[in-house]
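A.B. asks: File start_24.cif follows (mmCIF, C-alpha atoms):
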```cif
data_upload
loop_
_atom_site.label_atom_id
_atom_site.label_comp_id
_atom_site.auth_asym_id
_atom_site.auth_seq_id
_atom_site.Cartn_x
_atom_site.Cartn_y
_atom_site.Cartn_z
CA MET B 392 25.33 -148.49 -82.72
CA LYS B 393 24.48 -148.91 -86.39
CA LEU B 394 22.47 -146.12 -87.98
CA GLY B 395 20.06 -147.69 -90.42
CA PHE B 396 17.95 -144.61 -91.17
CA LEU B 397 18.79 -140.91 -91.30
CA PRO B 398 15.93 -138.40 -91.64
CA ALA B 399 16.22 -135.24 -93.69
CA LEU B 400 17.46 -132.20 -91.79
CA GLU B 401 14.69 -129.60 -92.07
CA PRO B 402 15.64 -125.97 -92.89
CA ASP B 403 14.56 -124.72 -89.45
CA GLU B 404 15.56 -127.81 -87.46
CA THR B 405 18.20 -127.86 -84.75
CA LEU B 406 21.05 -130.37 -84.80
CA TYR B 407 19.84 -131.65 -81.45
CA SER B 408 16.46 -132.35 -83.04
CA PHE B 409 18.12 -134.26 -85.88
CA CYS B 410 20.04 -136.42 -83.39
CA ALA B 411 16.88 -137.05 -81.34
CA ALA B 412 15.00 -138.11 -84.47
CA VAL B 413 17.83 -140.50 -85.43
CA HIS B 414 17.75 -141.99 -81.92
CA VAL B 415 13.98 -142.58 -81.99
CA MET B 416 13.70 -143.75 -85.60
CA ASN B 417 16.50 -146.28 -85.19
CA GLY B 418 14.98 -147.74 -82.04
CA GLY B 419 17.79 -146.46 -79.86
CA VAL B 420 17.73 -147.49 -76.21
CA ASN B 421 21.03 -146.16 -74.89
CA CYS B 422 21.29 -142.37 -75.34
CA GLU B 423 25.07 -142.41 -74.86
CA GLU B 424 25.52 -144.89 -77.70
CA THR B 425 23.54 -142.65 -80.04
CA SER B 426 25.57 -139.65 -78.98
CA LEU B 427 28.86 -141.49 -79.56
CA ALA B 428 27.72 -142.66 -83.00
CA LEU B 429 26.56 -139.21 -84.10
CA LEU B 430 28.77 -136.71 -82.28
CA GLY B 431 31.67 -138.68 -80.85
CA VAL B 432 30.83 -137.62 -77.27
CA ARG B 433 28.85 -139.39 -74.57
CA HIS B 434 26.67 -136.56 -73.31
CA GLY B 435 25.45 -134.98 -76.54
CA ALA B 436 21.85 -135.31 -75.32
CA ARG B 437 22.57 -132.63 -72.74
CA GLN B 438 23.86 -130.16 -75.33
CA HIS B 439 20.57 -129.21 -76.96
CA ASP B 440 21.75 -125.61 -77.56
CA PHE B 441 25.08 -126.21 -79.31
CA PRO B 442 26.29 -129.84 -79.54
CA ALA B 443 29.99 -130.60 -79.63
CA GLY B 444 31.37 -132.59 -82.55
CA ILE B 445 29.01 -131.22 -85.17
CA ASN B 446 31.61 -131.91 -87.85
CA ARG B 447 31.15 -135.65 -87.10
CA LEU B 448 27.44 -135.65 -87.89
CA PRO B 449 26.56 -137.89 -90.88
CA LEU B 450 25.24 -135.01 -92.95
CA GLY B 451 27.72 -135.34 -95.80
CA PRO B 452 28.46 -133.04 -98.73
CA GLU B 453 25.99 -134.92 -100.89
CA ARG B 454 23.22 -133.26 -98.91
CA GLY B 455 24.38 -129.88 -100.16
CA LEU B 456 25.09 -128.55 -96.68
CA PRO B 457 27.73 -125.86 -96.20
CA ALA B 458 30.76 -125.91 -93.92
CA SER B 459 30.55 -126.48 -90.17
CA LEU B 460 30.25 -122.76 -89.38
CA GLU B 461 27.26 -122.38 -91.69
CA ILE B 462 25.70 -125.53 -90.28
CA ALA B 463 26.05 -124.01 -86.83
CA ARG B 464 24.57 -120.70 -88.00
CA HIS B 465 21.50 -122.26 -89.60
CA HIS B 466 20.83 -125.16 -87.22
CA THR B 467 21.87 -124.04 -83.72
CA ILE B 468 21.44 -121.04 -81.45
CA ALA B 469 24.70 -119.73 -82.96
CA GLY B 470 22.55 -118.13 -85.66
CA TYR B 471 21.46 -115.61 -83.04
CA TYR B 472 25.00 -114.62 -82.00
CA LEU B 473 27.25 -115.15 -85.03
CA PRO B 474 26.12 -112.04 -86.97
CA PHE B 475 27.62 -109.91 -84.17
CA VAL B 476 30.96 -111.74 -84.24
CA SER B 477 33.81 -110.15 -86.21
CA ASN B 478 35.02 -111.78 -89.41
CA ALA B 479 38.42 -112.56 -87.87
CA SER B 480 36.75 -114.36 -84.97
CA LYS B 481 34.48 -116.25 -87.37
CA ARG B 482 37.49 -117.57 -89.26
CA ALA B 483 38.99 -118.73 -85.98
CA VAL B 484 35.71 -120.41 -85.00
CA ALA B 485 35.47 -122.13 -88.41
CA ALA B 486 39.01 -123.49 -88.03
CA THR B 487 38.21 -124.74 -84.54
CA LEU B 488 35.05 -126.46 -85.70
CA ALA B 489 36.93 -128.07 -88.59
CA ASP B 490 39.41 -129.52 -86.09
CA GLY B 491 36.55 -131.02 -84.10
CA ALA B 492 37.09 -128.85 -81.01
CA ALA B 493 33.64 -127.33 -80.84
CA GLN B 494 33.67 -127.39 -77.06
CA HIS B 495 36.27 -124.60 -77.04
CA VAL B 496 34.09 -122.18 -79.02
CA ARG B 497 30.81 -122.77 -77.18
CA ARG B 498 31.22 -119.58 -75.16
CA MET B 499 31.43 -117.48 -78.31
CA LEU B 500 28.46 -119.21 -79.90
CA ASP B 501 26.09 -119.47 -76.94
CA GLY B 502 26.17 -115.80 -75.88
CA SER B 503 28.04 -116.32 -72.62
CA SER B 504 30.00 -113.33 -71.39
CA ARG B 505 31.38 -112.02 -68.13
CA THR B 506 28.26 -109.95 -67.41
CA LEU B 507 25.54 -111.86 -69.26
CA ARG B 508 24.85 -115.59 -69.47
CA PRO B 509 21.72 -116.30 -71.53
CA GLU B 510 19.83 -119.53 -70.96
CA HIS B 511 18.51 -121.72 -73.77
CA PRO B 512 15.92 -124.19 -72.49
CA LEU B 513 14.14 -126.36 -75.03
CA LYS B 514 11.03 -124.58 -76.34
CA PHE B 515 8.33 -125.59 -78.77
CA CYS B 516 4.96 -124.49 -80.11
CA GLY B 517 2.04 -126.90 -79.79
CA GLN B 518 0.53 -125.73 -83.08
CA CYS B 519 3.88 -126.25 -84.83
CA VAL B 520 3.97 -129.83 -83.49
CA ARG B 521 0.64 -130.58 -85.14
CA ALA B 522 1.66 -128.80 -88.36
CA ASP B 523 4.98 -130.68 -88.51
CA PHE B 524 3.18 -134.00 -88.06
CA ALA B 525 0.93 -133.14 -90.99
CA GLU B 526 3.61 -131.76 -93.32
CA VAL B 527 6.85 -133.59 -92.42
CA GLY B 528 5.57 -136.66 -90.63
CA ARG B 529 7.41 -135.91 -87.39
CA PRO B 530 7.72 -132.98 -84.97
CA TYR B 531 11.05 -131.30 -84.49
CA TRP B 532 12.72 -128.53 -82.51
CA HIS B 533 12.69 -125.27 -84.46
CA VAL B 534 15.87 -123.18 -84.38
CA SER B 535 14.11 -119.84 -83.98
CA HIS B 536 12.19 -121.13 -80.94
CA GLN B 537 15.44 -121.76 -79.09
CA PHE B 538 16.68 -118.16 -79.29
CA PRO B 539 17.06 -116.64 -75.81
CA THR B 540 14.62 -113.73 -76.30
CA THR B 541 11.96 -115.80 -78.08
CA TRP B 542 8.96 -116.80 -75.99
CA THR B 543 6.39 -116.69 -78.78
CA CYS B 544 6.02 -118.61 -82.06
CA SER B 545 6.65 -116.32 -85.04
CA ILE B 546 4.25 -118.38 -87.19
CA HIS B 547 1.26 -118.86 -84.93
CA GLY B 548 1.79 -116.07 -82.41
CA SER B 549 1.19 -118.46 -79.51
CA ALA B 550 3.27 -118.73 -76.35
CA LEU B 551 5.96 -121.39 -76.39
CA SER B 552 6.08 -124.33 -73.98
CA VAL B 553 9.37 -124.55 -72.10
CA ILE B 554 11.31 -127.55 -70.82
CA GLN B 555 13.71 -126.35 -68.17
CA GLY B 556 17.08 -127.89 -67.43
CA ARG B 557 19.23 -130.33 -69.40
CA ASN B 558 17.80 -133.78 -69.93
CA LYS B 559 19.89 -136.92 -70.22
CA ARG B 560 17.56 -138.36 -72.88
CA TRP B 561 16.99 -137.38 -76.48
CA LEU B 562 13.65 -135.58 -76.50
CA ILE B 563 11.24 -134.75 -79.27
CA PRO B 564 8.52 -132.14 -78.69
CA GLU B 565 5.59 -134.48 -78.08
CA GLU B 566 7.46 -136.52 -75.45
CA SER B 567 7.34 -133.81 -72.80
CA CYS B 568 4.65 -131.17 -73.02
CA ALA B 569 5.24 -128.48 -70.44
CA PRO B 570 2.60 -125.75 -70.07
CA GLY B 571 3.34 -122.56 -71.97
CA HIS B 572 3.52 -119.00 -70.68
CA PRO B 573 0.38 -116.85 -70.54
CA GLU B 574 -0.89 -115.33 -73.75
CA PRO B 575 1.90 -113.37 -75.47
CA ARG B 576 1.93 -109.60 -75.39
CA GLU B 577 3.18 -107.06 -77.86
CA ALA B 578 6.68 -107.07 -76.37
CA ASP B 579 6.93 -110.84 -76.90
CA LEU B 580 5.97 -110.52 -80.57
CA LEU B 581 8.53 -107.75 -81.10
CA LEU B 582 11.35 -109.73 -79.50
CA THR B 583 10.44 -112.81 -81.52
CA SER B 584 10.32 -110.99 -84.85
CA ILE B 585 13.66 -109.24 -84.33
CA GLY B 586 15.33 -112.48 -83.25
CA GLU B 587 13.87 -114.19 -86.30
CA ALA B 588 15.31 -111.44 -88.51
CA LEU B 589 18.82 -112.41 -87.35
CA ARG B 590 18.50 -115.79 -89.08
CA GLY B 591 18.80 -114.11 -92.46
CA VAL B 592 21.79 -111.91 -91.52
CA ALA B 593 25.37 -113.09 -91.97
CA ASP B 594 27.23 -109.93 -90.93
CA ILE B 595 26.06 -106.81 -89.13
CA ASP B 596 27.04 -103.26 -89.98
CA MET B 597 27.48 -102.03 -86.42
CA HIS B 598 28.12 -98.42 -87.47
CA THR B 599 24.82 -98.14 -89.31
CA LEU B 600 22.98 -100.01 -86.56
CA ARG B 601 24.16 -97.48 -83.98
CA LEU B 602 23.31 -94.51 -86.21
CA ALA B 603 19.84 -95.94 -86.87
CA THR B 604 19.26 -96.51 -83.15
CA GLN B 605 20.27 -92.95 -82.30
CA ALA B 606 18.06 -91.61 -85.10
CA ARG B 607 15.10 -93.56 -83.76
CA LEU B 608 15.74 -92.27 -80.24
CA ARG B 609 15.66 -88.73 -81.63
CA GLN B 610 12.39 -89.48 -83.38
CA LEU B 611 10.95 -90.57 -80.05
CA GLY B 612 12.20 -87.42 -78.35
CA ILE B 613 14.49 -89.36 -76.02
CA MET B 614 17.55 -87.75 -77.60
CA HIS B 615 18.01 -84.40 -79.30
CA ALA B 616 20.29 -83.10 -82.02
CA SER B 617 23.43 -83.22 -79.88
CA THR B 618 24.15 -86.65 -78.46
CA ARG B 619 26.58 -85.09 -75.98
CA SER B 620 23.69 -83.52 -74.12
CA VAL B 621 22.03 -86.88 -73.40
CA ARG B 622 22.20 -88.02 -69.81
CA HIS B 623 22.69 -91.75 -69.44
CA SER B 624 20.22 -91.78 -66.57
CA ARG B 625 17.57 -90.37 -68.91
CA LEU B 626 18.07 -93.27 -71.34
CA ALA B 627 17.73 -95.75 -68.49
CA SER B 628 14.63 -93.98 -67.17
CA TRP B 629 13.02 -94.06 -70.61
CA PHE B 630 13.77 -97.77 -71.04
CA ARG B 631 12.22 -98.63 -67.68
CA SER B 632 8.96 -97.05 -68.89
CA THR B 633 8.71 -99.31 -71.96
CA ARG B 634 6.73 -102.53 -72.35
CA THR B 635 9.97 -104.33 -73.18
CA SER B 636 11.40 -103.54 -69.76
CA GLU B 637 8.20 -104.71 -68.11
CA ARG B 638 8.41 -108.00 -70.04
CA LEU B 639 12.04 -108.52 -69.09
CA SER B 640 11.25 -107.97 -65.43
CA ARG B 641 8.82 -110.91 -65.64
CA GLY B 642 11.34 -113.12 -67.42
CA PRO B 643 14.11 -115.41 -66.18
CA ASN B 644 16.69 -113.99 -63.78
CA TRP B 645 19.39 -113.60 -66.41
CA VAL B 646 17.20 -111.38 -68.61
CA ALA B 647 15.47 -109.56 -65.74
CA SER B 648 18.83 -107.96 -64.98
CA LEU B 649 18.48 -105.96 -68.22
CA ALA B 650 15.17 -104.35 -67.21
CA ASP B 651 16.85 -101.38 -65.51
CA GLY B 652 18.31 -100.04 -68.80
CA GLU B 653 21.62 -99.02 -67.23
CA TRP B 654 23.49 -100.84 -70.03
CA ILE B 655 22.09 -98.76 -72.92
CA ALA B 656 24.77 -96.07 -72.88
CA GLY B 657 27.43 -98.76 -73.20
CA GLN B 658 25.67 -100.11 -76.26
CA LEU B 659 25.68 -96.75 -78.00
CA TRP B 660 28.86 -94.94 -76.97
CA ARG B 661 31.12 -96.11 -74.19
CA HIS B 662 32.64 -99.51 -74.88
CA LYS B 663 30.29 -100.17 -77.81
CA ASN B 664 29.15 -103.57 -76.60
CA THR B 665 27.83 -105.79 -79.35
CA HIS B 666 26.03 -108.52 -77.43
CA ALA B 667 23.16 -109.86 -79.51
CA VAL B 668 20.66 -110.02 -76.64
CA ARG B 669 21.17 -106.37 -75.70
CA TRP B 670 20.73 -105.17 -79.28
CA VAL B 671 17.56 -107.22 -79.82
CA VAL B 672 16.13 -105.94 -76.53
CA LEU B 673 17.03 -102.31 -77.25
CA TRP B 674 15.60 -102.40 -80.77
CA SER B 675 12.33 -103.93 -79.56
CA ALA B 676 11.85 -101.02 -77.12
CA LEU B 677 11.92 -98.30 -79.80
CA SER B 678 8.10 -97.96 -80.10
CA TRP B 679 7.59 -99.60 -83.49
CA PRO B 680 4.08 -99.69 -85.00
CA ASP B 681 4.08 -103.49 -85.06
CA ALA B 682 6.36 -106.54 -85.14
CA PRO B 683 6.83 -106.69 -88.95
CA ALA B 684 7.85 -103.02 -89.03
CA ALA B 685 10.35 -103.61 -86.23
CA ALA B 686 11.87 -106.61 -88.03
CA GLN B 687 12.12 -104.83 -91.38
CA SER B 688 13.72 -101.72 -89.90
CA PHE B 689 16.19 -103.94 -88.04
CA ARG B 690 17.13 -105.76 -91.25
CA ASP B 691 17.66 -102.43 -93.00
CA ALA B 692 19.89 -101.17 -90.19
CA VAL B 693 22.07 -104.26 -89.80
CA ASN B 694 22.53 -104.57 -93.56
CA GLY B 695 23.87 -101.03 -93.81
CA ARG B 696 20.83 -99.49 -95.49
CA ARG B 697 20.37 -95.90 -94.35
CA LEU B 698 16.80 -94.69 -94.57
CA ASP B 699 15.38 -91.18 -94.46
CA GLU B 700 12.19 -90.14 -92.68
CA ALA B 701 10.04 -91.46 -95.52
CA GLY B 702 11.75 -94.85 -95.43
CA GLN B 703 13.73 -94.25 -98.63
CA ILE B 704 17.23 -95.68 -98.96
CA ALA B 705 19.96 -93.02 -98.99
CA LEU B 706 22.08 -92.93 -102.15
CA PHE B 707 25.20 -91.35 -100.67
CA GLU B 708 27.41 -92.19 -97.72
CA ALA B 709 26.55 -89.40 -95.35
CA ALA B 710 25.28 -88.98 -91.86
CA LEU B 711 21.68 -89.95 -91.36
CA PRO B 712 19.34 -87.02 -92.05
CA SER B 713 17.81 -85.14 -89.18
CA VAL B 714 14.52 -86.56 -88.06
CA GLY B 715 11.26 -84.73 -87.47
CA THR B 716 9.52 -84.14 -84.18
CA PRO B 717 7.74 -87.29 -82.90
CA PRO B 718 4.00 -87.27 -83.70
CA TYR B 719 3.02 -87.64 -80.05
CA VAL B 720 5.05 -84.51 -79.24
CA VAL B 721 3.32 -82.56 -82.02
CA ASP B 722 -0.07 -83.71 -80.69
CA ALA B 723 0.83 -82.55 -77.19
CA PHE B 724 1.78 -79.06 -78.42
CA ALA B 725 -1.45 -78.96 -80.48
CA GLN B 726 -3.51 -79.47 -77.31
CA ALA B 727 -1.50 -77.75 -74.59
CA GLY B 728 -1.67 -74.05 -73.84
CA SER B 729 1.43 -73.65 -71.72
CA TYR B 730 4.83 -75.16 -70.94
CA GLY B 731 3.38 -76.74 -67.83
CA GLU B 732 0.65 -78.52 -69.75
CA VAL B 733 3.15 -79.85 -72.30
CA MET B 734 5.43 -81.05 -69.49
CA SER B 735 2.53 -82.81 -67.80
CA MET B 736 1.24 -84.48 -70.97
CA LEU B 737 4.67 -85.70 -72.08
CA ARG B 738 6.06 -86.30 -68.59
CA ALA B 739 9.09 -84.31 -69.68
CA SER B 740 11.21 -81.58 -68.15
CA ARG B 741 11.04 -77.94 -69.19
CA THR B 742 14.49 -78.37 -70.78
CA ASP B 743 13.15 -81.11 -73.06
CA VAL B 744 10.18 -78.95 -74.06
CA VAL B 745 12.48 -76.05 -74.93
CA ARG B 746 14.76 -78.34 -76.93
CA TRP B 747 11.86 -79.67 -78.99
CA LEU B 748 10.84 -76.12 -79.83
CA GLU B 749 14.41 -75.13 -80.67
CA ALA B 750 14.91 -78.19 -82.87
CA ASP B 751 11.68 -77.63 -84.82
CA PRO B 752 11.14 -73.98 -85.88
CA ASN B 753 7.87 -74.85 -87.61
CA LEU B 754 6.50 -76.40 -84.44
CA ARG B 755 7.57 -73.36 -82.41
CA ARG B 756 6.04 -70.96 -84.94
CA SER B 757 2.72 -72.81 -85.19
CA TRP B 758 2.44 -73.29 -81.41
CA ARG B 759 3.08 -69.63 -80.68
CA ALA B 760 0.65 -68.58 -83.41
CA ARG B 761 -2.06 -70.81 -81.96
CA LEU B 762 -1.48 -69.50 -78.44
CA LYS B 763 -1.62 -65.93 -79.70
CA GLU B 764 -4.89 -66.54 -81.52
CA GLU B 765 -6.43 -68.16 -78.46
CA LYS B 766 -5.24 -65.32 -76.21
CA LEU B 767 -6.53 -62.72 -78.64
CA SER B 768 -9.91 -64.41 -78.82
CA MET B 769 -10.21 -64.61 -75.05
CA ALA B 770 -9.15 -60.95 -74.54
CA VAL B 771 -11.59 -59.66 -77.18
CA GLN B 772 -14.46 -61.70 -75.74
CA ALA B 773 -13.78 -60.49 -72.19
CA LEU B 774 -13.59 -56.86 -73.30
CA ARG B 775 -16.76 -57.01 -75.39
CA ALA B 776 -18.61 -58.77 -72.58
CA GLU B 777 -17.61 -55.99 -70.17
CA ILE B 778 -18.79 -53.28 -72.60
CA ALA B 779 -22.08 -55.07 -73.25
CA LEU B 780 -22.69 -55.53 -69.54
CA HIS B 781 -21.87 -51.86 -68.68
CA PRO B 782 -22.63 -49.77 -71.78
CA HIS B 783 -22.35 -46.46 -69.89
CA HIS B 784 -18.91 -47.10 -68.41
CA SER B 785 -16.08 -44.87 -69.47
CA ARG B 786 -12.81 -46.18 -70.84
CA GLN B 787 -11.19 -45.70 -67.46
CA GLU B 788 -13.82 -47.89 -65.83
CA VAL B 789 -13.52 -50.53 -68.55
CA GLU B 790 -9.77 -50.61 -68.12
CA ARG B 791 -10.16 -50.88 -64.37
CA ASN B 792 -12.17 -54.10 -64.85
CA CYS B 793 -10.28 -55.52 -67.85
CA GLY B 794 -6.82 -54.09 -67.38
CA ALA B 795 -4.89 -57.27 -68.22
CA GLU B 796 -6.79 -57.81 -71.45
CA MET B 797 -6.35 -54.20 -72.58
CA ARG B 798 -2.62 -54.23 -71.81
CA TRP B 799 -2.17 -57.42 -73.83
CA LEU B 800 -4.17 -55.99 -76.74
CA ARG B 801 -2.15 -52.76 -76.72
CA GLU B 802 1.04 -54.82 -77.15
CA HIS B 803 -0.09 -57.51 -79.55
CA ALA B 804 -3.23 -56.22 -81.32
CA PRO B 805 -3.47 -52.41 -81.00
CA ASP B 806 -5.69 -52.05 -84.07
CA GLN B 807 -8.17 -54.52 -82.64
CA LEU B 808 -8.21 -52.62 -79.35
CA ARG B 809 -8.84 -49.23 -81.03
CA LYS B 810 -11.72 -50.72 -83.00
CA ILE B 811 -13.35 -52.06 -79.84
CA LEU B 812 -12.85 -48.85 -77.83
CA THR B 813 -14.69 -46.75 -80.42
CA GLN B 814 -17.84 -48.09 -78.75
CA VAL B 815 -16.81 -46.56 -75.42
CA PRO B 816 -16.70 -42.83 -74.65
CA SER B 817 -13.25 -41.61 -73.75
CA ARG B 818 -14.51 -39.87 -70.60
CA SER B 819 -17.74 -39.14 -68.73
CA GLU B 820 -20.25 -36.48 -69.81
CA ARG B 821 -19.03 -32.90 -69.09
CA GLN B 822 -22.37 -31.89 -67.47
CA LEU B 823 -24.50 -34.30 -65.52
CA VAL B 824 -28.24 -34.28 -66.35
CA LEU B 825 -30.15 -33.23 -63.29
CA PHE B 826 -33.66 -33.82 -64.61
CA ASN B 827 -35.18 -36.24 -67.01
CA PRO B 828 -36.74 -34.14 -69.85
CA THR B 829 -39.53 -36.60 -70.37
CA SER B 830 -40.64 -36.49 -66.77
CA HIS B 831 -42.66 -33.20 -67.35
CA VAL B 832 -44.59 -34.46 -70.35
#
```
With the file now loaded, output its structure as structure tokens.
C.D. replies:
Amino acid sequence: MKLGFLPALEPDETLYSFCAAVHVMNGGVNCEETSLALLGVRHGARQHDFPAGINRLPLGPERGLPASLEIARHHTIAGYYLPFVSNASKRAVAATLADGAAQHVRRMLDGSSRTLRPEHPLKFCGQCVRADFAEVGRPYWHVSHQFPTTWTCSIHGSALSVIQGRNKRWLIPEESCAPGHPEPREADLLLTSIGEALRGVADIDMHTLRLATQARLRQLGIMHASTRSVRHSRLASWFRSTRTSERLSRGPNWVASLADGEWIAGQLWRHKNTHAVRWVVLWSALSWPDAPAAAQSFRDAVNGRRLDEAGQIALFEAALPSVGTPPYVVDAFAQAGSYGEVMSMLRASRTDVVRWLEADPNLRRSWRARLKEEKLSMAVQALRAEIALHPHHSRQEVERNCGAEMRWLREHAPDQLRKILTQVPSRSERQLVLFNPTSHV
């Protein structure tokens, strides 16, 4: 097959999309012939995620494109996984791609592992199709849409249409319009933005990423100062309560298996797994204000930038600073009047409540001061109401009716109690009045 016209490869276009455009624009009839001419293999149309033989593509150095590994990073799903691959492995992958044996590195570049096998069906945004027609003159498959945890367009915020399976023909978006998912939710937008952030990352600082994740978990009250005291079951239980877990449970089977959160401990401590999907999912669950904030904080973490509570970059290589008590925890203590109320509002154990108070002396001091003021006010009001209702009662009778309040005041506010009791005689009259003096007038 002679290739008479080659379109420009767009910055966010997949290699599969480029091959499909070449096939259509050159009037191709036989898909295998196009695949042989472009990739040197017969079934390239099936490999829409990561095509073999990418070094054979007629891109050429005159187009200013980098080496095969960089082409794969910018124009295939490999851009989602490569940042988590070690430099030594990247050099091995680059050598393999240069030798034309891309098929042997597919497992490293498509996220497949023994316990997790992500799927990469073709996905597109209907609004992007119309925009690409207007700006480029043709629609194409966007790289970021093909990422495994992306179900929403990062530009338009609309749900992506999905084409399941592997087709034998070269497809362009308008050829097969499958209905999209329901309207995207917040979890979809978070997953999309974090996956999109990976496109601008070449290497990931795993040490800083783990420290930043642990710091965020402490901010949320899921972890405390000592990571050794964290139960793995607690992490899993917290994750199952998040919107991210709920979204995963509604997703494909391969991603629904992550909804239980049992893998989180392995991400942070045990074997220190570095699978891209797990990190994107975990980061999206950390209760960020919005999608842009989640993406920016992720970029800071993976690039080795350590931030303090105010979002300022740390100047010295040191452990991340201790984080403050989560705002929702502070609000709960501001409203609750007992341990039980705090436990109910936060759905936390008494141990967690005690740890929050131990970790934040200011919170403990202010909460106890507020409780004392409220108790003092209630005791004083009850005592004054009793005296007003029975002005002739002796102190013994007042204490009989308001014993708990008077005992508390003796311990915590004795001066206040003495001031109130000056209105009450210490004992009854020595001599009872037998007659009313005014009755003889």
A.B. asks: Nearest residue to B:Ile554 out of B:Glu587, B:Phe515, B:Ile613, B:Arg634, using all atoms listed in the file?
C.D. replies: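 Smallest distance to B:Ile554 is found for B:Phe515.
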A.B. asks: Under the rule that all atoms listed in the file are counted, which of B:Pro643, B:Gly470, B:Pro805, B:Pro782 is the nearest residue to B:Phe538?
C.D. replies: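 Smallest separation from B:Phe538 among the options: B:Gly470.
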A.B. asks: List the neighbours of B:Thr541 out to 10 Å using only C-alpha atoms; skip same-chain residues closer than 4 positions along the sequence, and give me the result as a short mmCIF file (atom, residue, chain, number, x, y, z; two decimals) with C-alpha atoms, keeping the file's coordinate frame.
C.D. replies:
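Contents of selection01.cif, freshly written:
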```
data_model
loop_
_atom_site.label_atom_id
_atom_site.label_comp_id
_atom_site.auth_asym_id
_atom_site.auth_seq_id
_atom_site.Cartn_x
_atom_site.Cartn_y
_atom_site.Cartn_z
CA HIS B 511 18.51 -121.72 -73.77
CA LYS B 514 11.03 -124.58 -76.34
CA SER B 535 14.11 -119.84 -83.98
CA HIS B 536 12.19 -121.13 -80.94
CA GLN B 537 15.44 -121.76 -79.09
CA SER B 545 6.65 -116.32 -85.04
CA ALA B 550 3.27 -118.73 -76.35
CA LEU B 551 5.96 -121.39 -76.39
CA ASP B 579 6.93 -110.84 -76.90
CA LEU B 580 5.97 -110.52 -80.57
CA LEU B 581 8.53 -107.75 -81.10
CA LEU B 582 11.35 -109.73 -79.50
CA THR B 583 10.44 -112.81 -81.52
CA SER B 584 10.32 -110.99 -84.85
CA ILE B 585 13.66 -109.24 -84.33
CA GLY B 586 15.33 -112.48 -83.25
CA GLU B 587 13.87 -114.19 -86.30
#
```
A.B. asks: Kindly give the distance, in Å, that separates atom CA of B:Asn694 and atom CA of B:Leu602, rounded to a single decimal.
C.D. replies: 12.5 Å
A.B. asks: Of the candidates B:Lys766, B:Thr543, B:Tyr472, B:Ile563, which one gets nearest to B:Leu513 if we count all atoms listed in the file?
C.D. replies: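 Distance minimum relative to B:Leu513 lands on B:Ile563.
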A.B. asks: Check the smallest atom-to-atom distance from each of B:Trp674, B:Arg741, B:Gln555, B:Val592 to B:Leu608 using all atoms listed in the file, then report the winner.
C.D. replies: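 Ranked by minimum distance to B:Leu608, first place goes to B:Trp674.
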A.B. asks: Using the chain letters and numbers from the file, give me the residues hit by the PyMOL selection byres ((chain B and resi 413-420) around 8), as a PyMOL selection string.
C.D. replies: chain B and resi 394-398+409-412+421-422+425+561
A.B. asks: When you look at B:Ile778 with a cut-off of 12 Å (counting only C-alpha atoms), what residues show up, excluding the ones that are within fewer than 2 positions of it in the same chain? I need them as number ranges by chain.
C.D. replies: B: 771-776, 780-790, 792-793, 811-816
A.B. asks: Run the PyMOL selection byres ((chain B and resi 466) around 7) mentally over the shown coordinates, then write out the matched residues as a ChimeraX atom specification, using the chain letters and numbers from the document.
C.D. replies: /B:403-406,462-465,467,534
A.B. asks: In terms of the shortest atom-to-atom distance over all atoms listed in the file, which of B:Leu673, B:Ile655, B:Met797, B:Val646 is closest to B:Glu777?
C.D. replies: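 Counting all atoms listed in the file, the residue closest to B:Glu777 is B:Met797.
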A.B. asks: Any idea what the distance is between atom CA of B:Ala650 and atom CA of B:Ser636?
C.D. replies: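 Atom CA of B:Ala650 sits 4.6 Å away from atom CA of B:Ser636.
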A.B. asks: Quick one: pull the distance between atom CA of B:Ser459 and atom CA of B:Ala436, Å, one decimal.
C.D. replies: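 Going from atom CA of B:Ser459 over to atom CA of B:Ala436, I get 19.3 Å.
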A.B. asks: Please write the residues picked by the PyMOL selection byres ((chain B and resi 527) around 12) on this file as a list in words.
C.D. replies: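 For this structure, the PyMOL selection byres ((chain B and resi 527) around 12) captures Pro398, Ala399, Leu400, Glu401, Pro402, Glu404, Cys519, Val520, Arg521, Ala522, Asp523, Phe524, Ala525, Glu526, Gly528, Arg529, Pro530 and Tyr531 of chain B.
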A.B. asks: Output C-alpha atoms for every residue in that selection, as a tab-separated table (two decimals), in the frame of the given file.
C.D. replies:
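out_15.tsv written:
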```
chain	number	residue	atom	x	y	z
B	398	PRO	CA	15.93	-138.40	-91.64
B	399	ALA	CA	16.22	-135.24	-93.69
B	400	LEU	CA	17.46	-132.20	-91.79
B	401	GLU	CA	14.69	-129.60	-92.07
B	402	PRO	CA	15.64	-125.97	-92.89
B	404	GLU	CA	15.56	-127.81	-87.46
B	519	CYS	CA	3.88	-126.25	-84.83
B	520	VAL	CA	3.97	-129.83	-83.49
B	521	ARG	CA	0.64	-130.58	-85.14
B	522	ALA	CA	1.66	-128.80	-88.36
B	523	ASP	CA	4.98	-130.68	-88.51
B	524	PHE	CA	3.18	-134.00	-88.06
B	525	ALA	CA	0.93	-133.14	-90.99
B	526	GLU	CA	3.61	-131.76	-93.32
B	528	GLY	CA	5.57	-136.66	-90.63
B	529	ARG	CA	7.41	-135.91	-87.39
B	530	PRO	CA	7.72	-132.98	-84.97
B	531	TYR	CA	11.05	-131.30	-84.49
```
A.B. asks: May I have the residues within 10 Å of B:Arg761 as a ChimeraX atom specification, using all atoms listed in the file and disregarding those fewer than 6 positions away in the same chain?
C.D. replies: /B:724-726,728,755,767
